[in-house]
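Data first, discussion second: the structure below is written as structure tokens.
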Number of protein chains: 6
Amino acid sequence: MSINNLGIVQRNIVRADKAAVEKLSRYGVATIHEAMGRVGLMKPYIRPIYPSASICGTAVTILLQPGDNWMMHVAAEQFQDGDVAVAACTTDSTDGFFGDLLATSFRARGCQGLIIDAGVRDVNDLTAMDFPVFSRAINAKGTVKATLGSVNVPVVCAGAVVNPGDVVIADIDGVVVVPAAIAQQVADAAEKRESLEAEKRAKFQAGELGLDLYKMREPLEKAGLKYLD
Amino acid sequence: MSINNLGIVQRNIVRADKAAVEKLSRYGVATIHEAMGRVGLMKPYIRPIYPSASICGTAVTILLQPGDNWMMHVAAEQFQDGDVAVAACTTDSTDGFFGDLLATSFRARGCQGLIIDAGVRDVNDLTAMDFPVFSRAINAKGTVKATLGSVNVPVVCAGAVVNPGDVVIADIDGVVVVPAAIAQQVADAAEKRESLEAEKRAKFQAGELGLDLYKMREPLEKAGLKYLD
Amino acid sequence: MSINNLGIVQRNIVRADKAAVEKLSRYGVATIHEAMGRVGLMKPYIRPIYPSASICGTAVTILLQPGDNWMMHVAAEQFQDGDVAVAACTTDSTDGFFGDLLATSFRARGCQGLIIDAGVRDVNDLTAMDFPVFSRAINAKGTVKATLGSVNVPVVCAGAVVNPGDVVIADIDGVVVVPAAIAQQVADAAEKRESLEAEKRAKFQAGELGLDLYKMREPLEKAGLKYLD
Amino acid sequence: MSINNLGIVQRNIVRADKAAVEKLSRYGVATIHEAMGRVGLMKPYIRPIYPSASICGTAVTILLQPGDNWMMHVAAEQFQDGDVAVAACTTDSTDGFFGDLLATSFRARGCQGLIIDAGVRDVNDLTAMDFPVFSRAINAKGTVKATLGSVNVPVVCAGAVVNPGDVVIADIDGVVVVPAAIAQQVADAAEKRESLEAEKRAKFQAGELGLDLYKMREPLEKAGLKYLD
Amino acid sequence: MSINNLGIVQRNIVRADKAAVEKLSRYGVATIHEAMGRVGLMKPYIRPIYPSASICGTAVTILLQPGDNWMMHVAAEQFQDGDVAVAACTTDSTDGFFGDLLATSFRARGCQGLIIDAGVRDVNDLTAMDFPVFSRAINAKGTVKATLGSVNVPVVCAGAVVNPGDVVIADIDGVVVVPAAIAQQVADAAEKRESLEAEKRAKFQAGELGLDLYKMREPLEKAGLKYLD
Amino acid sequence: MSINNLGIVQRNIVRADKAAVEKLSRYGVATIHEAMGRVGLMKPYIRPIYPSASICGTAVTILLQPGDNWMMHVAAEQFQDGDVAVAACTTDSTDGFFGDLLATSFRARGCQGLIIDAGVRDVNDLTAMDFPVFSRAINAKGTVKATLGSVNVPVVCAGAVVNPGDVVIADIDGVVVVPAAIAQQVADAAEKRESLEAEKRAKFQAGELGLDLYKMREPLEKAGLKYLD
């Protein structure tokens, strides 16, 4: 076993089932996160660079070194249609590792968006291209190409483990990672959850209370809740 | 006297006078904050989830426990038309305590918006509903319903004391709390301040300097200001 | 030599050459930062108050004291057409030192925008006026007029040194400072860099890889990169 | 009713009962916080300037303006033996509002320590004097004396409401505020809690598990906990 | 495959080889991190609660829910001599999940210290016990026992993946995680690195420059470094 | 004029007068900062790695690239007795750019301490050596040697401009920079300020109030301060 996973490009990765990915693309991040049992979220400091940005695809992971975006170019060769770039850095950084030229290259190679635990730039161009990016910062700070990281090794991105091939879904509520092996199962659970929400919404709209809908009055009383006048 | 104020729902609260609330709704947060003598603001990390969000209403306060939104459902029953939900947490949290279902319920019960010193989710839906929310974070992270907090007790929300019934005004500049007892007085002061601004604006537009308008040249000189060429 | 630079207004400053400023205005912040050799950026916490805000002009610098915007009024008298106000504070602050009245005054005196390492307010009005502001915070918190700072002394604003007369360019990617003495040189370098980008963009769009375009395969191999299947 | 509470010195305040304060001084912050039902803590960014610092006394509150420590001198006159200075600021600040001269003055007037939601300096001297301070920052940054705040008005300090006369207890675990009216009740509850801890400690030391001591096995099983081999 | 890893206690875990753990205990965190090729560190916000705290042992992992330390008690039963508790939370939290009673219990069951991506309390007692803790915060804030997390599932703690049985080494420089499978290999590499340092130290002490020792003058010149007089 | 100041080592720098440096070394950071008119401080996030660390010397400045400490070795050759290393980075970083080997080398070459707006490691060794370091972070994270920065160019370190040869004084209260040209003047002003403090301290100790000592009662009354009973 190698002592670390730097300096590696894994070419063959197992991507989540396409049908599961497609089905997951129908649901929001909050719904999928709940369907998974409230796990799998990245930290909330990862934000879309424009409000309507959204992504659902299979992860090609990139491990960057601080102030160095060499591996971005290495990654470009590894995309297949429907992939999403997920970039982590070996240390906290807000440098601008990615801009419109790389976005042009990534898109031409099949990549549909980027999640990056660091900064990006050329945000006006990326927005005009409608190339969705979710990042920790917007920052014009440029980078060098001098030190090896890796492509398609497991990474921790904004607090979440991402394995190559996992499904990554991102919208204005955040970013959730669904392991490839349970993608279909989670998609089904999301569907079920969503179907229950329409009914609840109608009841809430009609003025029914969650206290009654969820039968909370008794457990609240047991827990000791007191109403004062 | 009880040792703390957890596990309590205060049903009868004294809301600020409706006419005063209506009058306050005509002024921006900065103007009202100045009219109060530069106090009453929440900390600036509370931000609107969409730029045009704005709120003016009487507070129903909610004290949440970390990772637990049970009290949101308890609060839903206590709203009257024109109320605003003001939610604090017993510890710093960015979890998503609130989403579109609760917003539907809150609105159906008369609540016109939410100020929360924590996170919210379903931001696309909330924006589509035009349900104004001012929060510390956007976060898909879900919560449980297991531990009692309170409704309509005094809370500290983002650094500001909020008593049930106080007027809370929120816009893109921040959130200000006006105690119910001085709502009319503050509204009148805001009106007066606003009326003076139009005149000043015209003078500034014509190129007059604040140095002259506010007669600052003499005090600046006394303070020792030196002009160098 | 005076022991500090407080309480001073420098009236005569050497502004960067107008033609150089005009040429710099054609390029984005990321391009200019790269053209300078990757220096000159403010820290990325300085953000536009509305997404389309952009500025390019010569700096009139303002050194503020905490919670005190007196020097804003002193600065208003020093603007010439095409200037940009660059405000630093002697300590970290997010107070709202600037709003729509000052913007009206600044604009009437030739100032085209504000960069401030602190907070601003009246953001709806500033947006309606299309008065571009890049700030550390949005905050309704008002300030007093009691303690001297300075105008047109060198300042450190969000980590960057700004001398009066320097060119300051700001857009959604951040803020870059170009010393007056090298403005033309940097503008030329930016032009050259931009002209190369169009060609690269076309190649990337056609699917060519950065690996080949930048001849990275050999140096990557030398650095030890390993491809695994 | 006055529109705000700036520019006020309240001379007569009701201090918590001395016996209750003395009793509270025997317990740690964590114990007292639990005895109150898990409320009353300041935020954890308030830290002692040296590890052994600890305080228990009645609050004289100080409301500061940013970069201005005028009210510190006003407060000095209001101390009685056993008081603690609790200083909040109308905005977030890390300036050094307090140093060894003020500590000398405060001590001479009966004040036994300081809690401040801002910065302090002269930390070597304060440590040598064994003058306990709990602050948000250590910072040499000096302040002016130009704008009125208040003394002995209710303040929000690091997220906690402090009324003049409340008991404030501070140690390495943080700072807790006990309202004067319930000081005796809380002291008694703390005593009771502490007495139970000795017994528990012995059991834990002997290897007994919390699972058994607190009878958690059944509720854990009901909640669905699964043991895998 | 289960959809998530909540509500699970894995009883049988594969701990790193005892000899490798013992050997790793001889080296500092910086040395081991370098020996692994500069990976495996937790983020630097995890700090010791007292300066001399240090830990080297095999991980029993704990996944906590916000404001809830129930799983701490579940974990206590799973320790073997030489284990270290590594606690992550499903969301960012600074609550005090751990104090002297749990430390007494943990120690009695063989646990030699705690790494926690959250807060702890009773720091005076923990220091007196010399029970080493590395945490994100010190905070008296108490927790409840209501919601299931897990024990001995893989966790992300302060940005690092920790699998049950991995070696965790902590000292004043930070915390590093060594996967069980490569513990011996890393220990050997650390030994080698350390042995080289003594020689270098002697040379540096004698005034030799890194420029010469590491033969940097030529690569620096090639990179374009210019010496000016 | 060169377009930026990267890739440069300035060998001949003008150091502040030795007698002035020696005199400054007698005063604390707070005193010197006040003597300069309340300017010159670095931001308070720069902290000593051990409480008794203190420094007074002439700056050799180092401009680092992210994750890269190559310039540290270049700087080692430039020290003269009594110098202090002041290291800034072209971007925010907490990586560990410096440890005990470099400290050994720096000390052997005349350097008496380090101020760094980034991280350091080997803190136990540095403490044992009594090599004073003031840093933004403690972090075991290692760095590479691949990209040029500079030595002895003006830098912005933690918000303060530092020119090579300036006097840098650091103690537990923070770090202050005194431009070489005014070092003697500032030292004299510090001496004067210090001499006044002893007298004040005695008066405060005797119970005299700042209100009387500084004749504040009248200006407070004029400002509108009201005493309530």
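Simple scheme: letters A, B, ... for chains in structure tokens order, numbers from 1 for residues in each chain, numbers from 1 for ligands in the order shown.
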
Counting only C-alpha atoms, a student should be able to say which residues of chain F come within 7 Å of chain A; what is the right answer, written as a ChimeraX atom specification? /F:66-67,93,146

Generate a file of the selected residues that holds C-alpha atoms, formatted as a tab-separated table (two decimals), in the first residue's frame.
chain	number	residue	atom	x	y	z
F	66	PRO	CA	1.26	29.96	-0.59
F	67	GLY	CA	2.43	26.56	0.68
F	93	SER	CA	-2.41	30.86	4.61
F	146	ALA	CA	9.07	25.77	-5.90

From range 74-161 of chain A, collect each residue whose DSSP state is strand (DSSP E) and return the set as a ChimeraX atom specification.
-> /A:83-89,111-120,133-138,150-151,155-157,160-161

Do a neighbour search on Pro219 in chain A at 12 Å with only C-alpha atoms, toss out local chain neighbours closer than 2 positions, and write the hits as a compact mmCIF listing (two decimals) with N, CA and C atoms, in the first residue's frame.
# COMPACT_ATOMS: atom_id res chain seq x y z
N LEU A 211 -48.47 20.72 14.77
CA LEU A 211 -48.79 20.14 16.08
C LEU A 211 -49.80 19.00 15.95
N ASP A 212 -50.79 19.20 15.06
CA ASP A 212 -51.82 18.18 14.87
C ASP A 212 -51.42 17.17 13.80
N TYR A 214 -48.53 16.20 12.83
CA TYR A 214 -47.48 15.28 13.28
C TYR A 214 -47.79 14.72 14.68
N LYS A 215 -48.97 15.01 15.22
CA LYS A 215 -49.38 14.51 16.55
C LYS A 215 -48.31 14.81 17.62
N MET A 216 -47.98 16.08 17.70
CA MET A 216 -46.92 16.48 18.63
C MET A 216 -47.45 16.91 20.00
N ARG A 217 -48.74 17.13 20.13
CA ARG A 217 -49.23 17.73 21.38
C ARG A 217 -48.93 16.84 22.58
N GLU A 221 -46.37 17.65 25.72
CA GLU A 221 -46.87 17.72 27.10
C GLU A 221 -46.04 16.82 28.00
N LYS A 222 -45.76 15.62 27.49
CA LYS A 222 -44.93 14.68 28.24
C LYS A 222 -43.55 15.27 28.54
N ALA A 223 -43.03 16.00 27.56
CA ALA A 223 -41.70 16.60 27.73
C ALA A 223 -41.75 17.77 28.71
N GLY A 224 -42.99 18.19 29.05
CA GLY A 224 -43.11 19.22 30.09
C GLY A 224 -43.45 20.61 29.60
N LEU A 225 -43.84 20.74 28.34
CA LEU A 225 -44.15 22.08 27.82
C LEU A 225 -45.34 22.69 28.56
N TRP B 70 -38.38 21.70 16.93
CA TRP B 70 -39.69 21.38 17.49
C TRP B 70 -40.51 22.64 17.78
N VAL B 74 -44.59 24.57 17.48
CA VAL B 74 -45.33 25.13 18.62
C VAL B 74 -45.65 26.60 18.36
N LYS B 145 -36.82 16.70 16.40
CA LYS B 145 -37.87 17.28 17.24
C LYS B 145 -37.84 16.52 18.55
N ALA B 146 -36.95 16.90 19.47
CA ALA B 146 -36.75 16.09 20.67
C ALA B 146 -36.63 16.87 21.98
N THR B 147 -36.25 18.14 21.92
CA THR B 147 -35.94 18.87 23.14
C THR B 147 -36.71 20.19 23.20
N LEU B 148 -37.21 20.52 24.38
CA LEU B 148 -38.03 21.72 24.52
C LEU B 148 -37.19 23.00 24.50

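The list of residues with at least one atom within 10 Å of Ala140 in chain E, based on only C-alpha atoms and without residues fewer than 6 positions apart in the same chain, reads Gly28, Val29, Ala30, Thr31, Ile32, His33, Glu34, Arg38, Leu41, Met42, Lys43, Pro44, Asp171, Ile172, Asp173, Gly174, Val175 and Val176 of chain D; Thr94, Asp95, Gly96, Phe97, Phe98, Gly99, Gly119, Val120, Arg121, Asp122 and Val123 of chain E.
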
If we count only C-alpha atoms, what is near range 109-115 of chain B at a cut-off of 10 Å, once residues fewer than 6 positions away on the same chain are taken out, given as a PyMOL selection string?
(chain A and resi 204-209) or (chain B and resi 46-48+53-61+76-88+98+103+130-136+157-158+168-170+175)

Practice problem: Would you mind listing what lies within 6 Å of Ser150 in chain E as a list in words, with only C-alpha atoms counted and same-chain residues fewer than 4 positions away left out? | Solution: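 The residues that qualify are Leu6, Gly7, Ile8, Val9, Ile62 and Leu63 of chain E.
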
query: Got a sec to tell me which of range 4-205 of chain A DSSP assigns to helix (DSSP H, G or I), as a PyMOL selection string?
result: chain A and resi 18-24+29-35+70-76+100-108+123-129+180-205

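Using only C-alpha atoms, the nearest neighbour of Leu102 in chain E within the list D:Glu197, D:Glu218, D:Tyr227, D:Ile138 is D:Glu197.
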
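Put simply, CA of Lys23 in chain F is 18.2 Å away from CA of Ala198 in chain F.
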
One residue among D:Tyr50, D:Gly40, D:Glu199, D:Gly149 is nearest to Ala128 in chain D when using only C-alpha atoms, and that residue is D:Tyr50

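In this model, the gap between CA of Ser25 in chain F and CA of Ala189 in chain F comes to 13.3 Å.
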
Students should find that CA of Val177 in chain A and CA of Met72 in chain A are spaced 20.6 Å
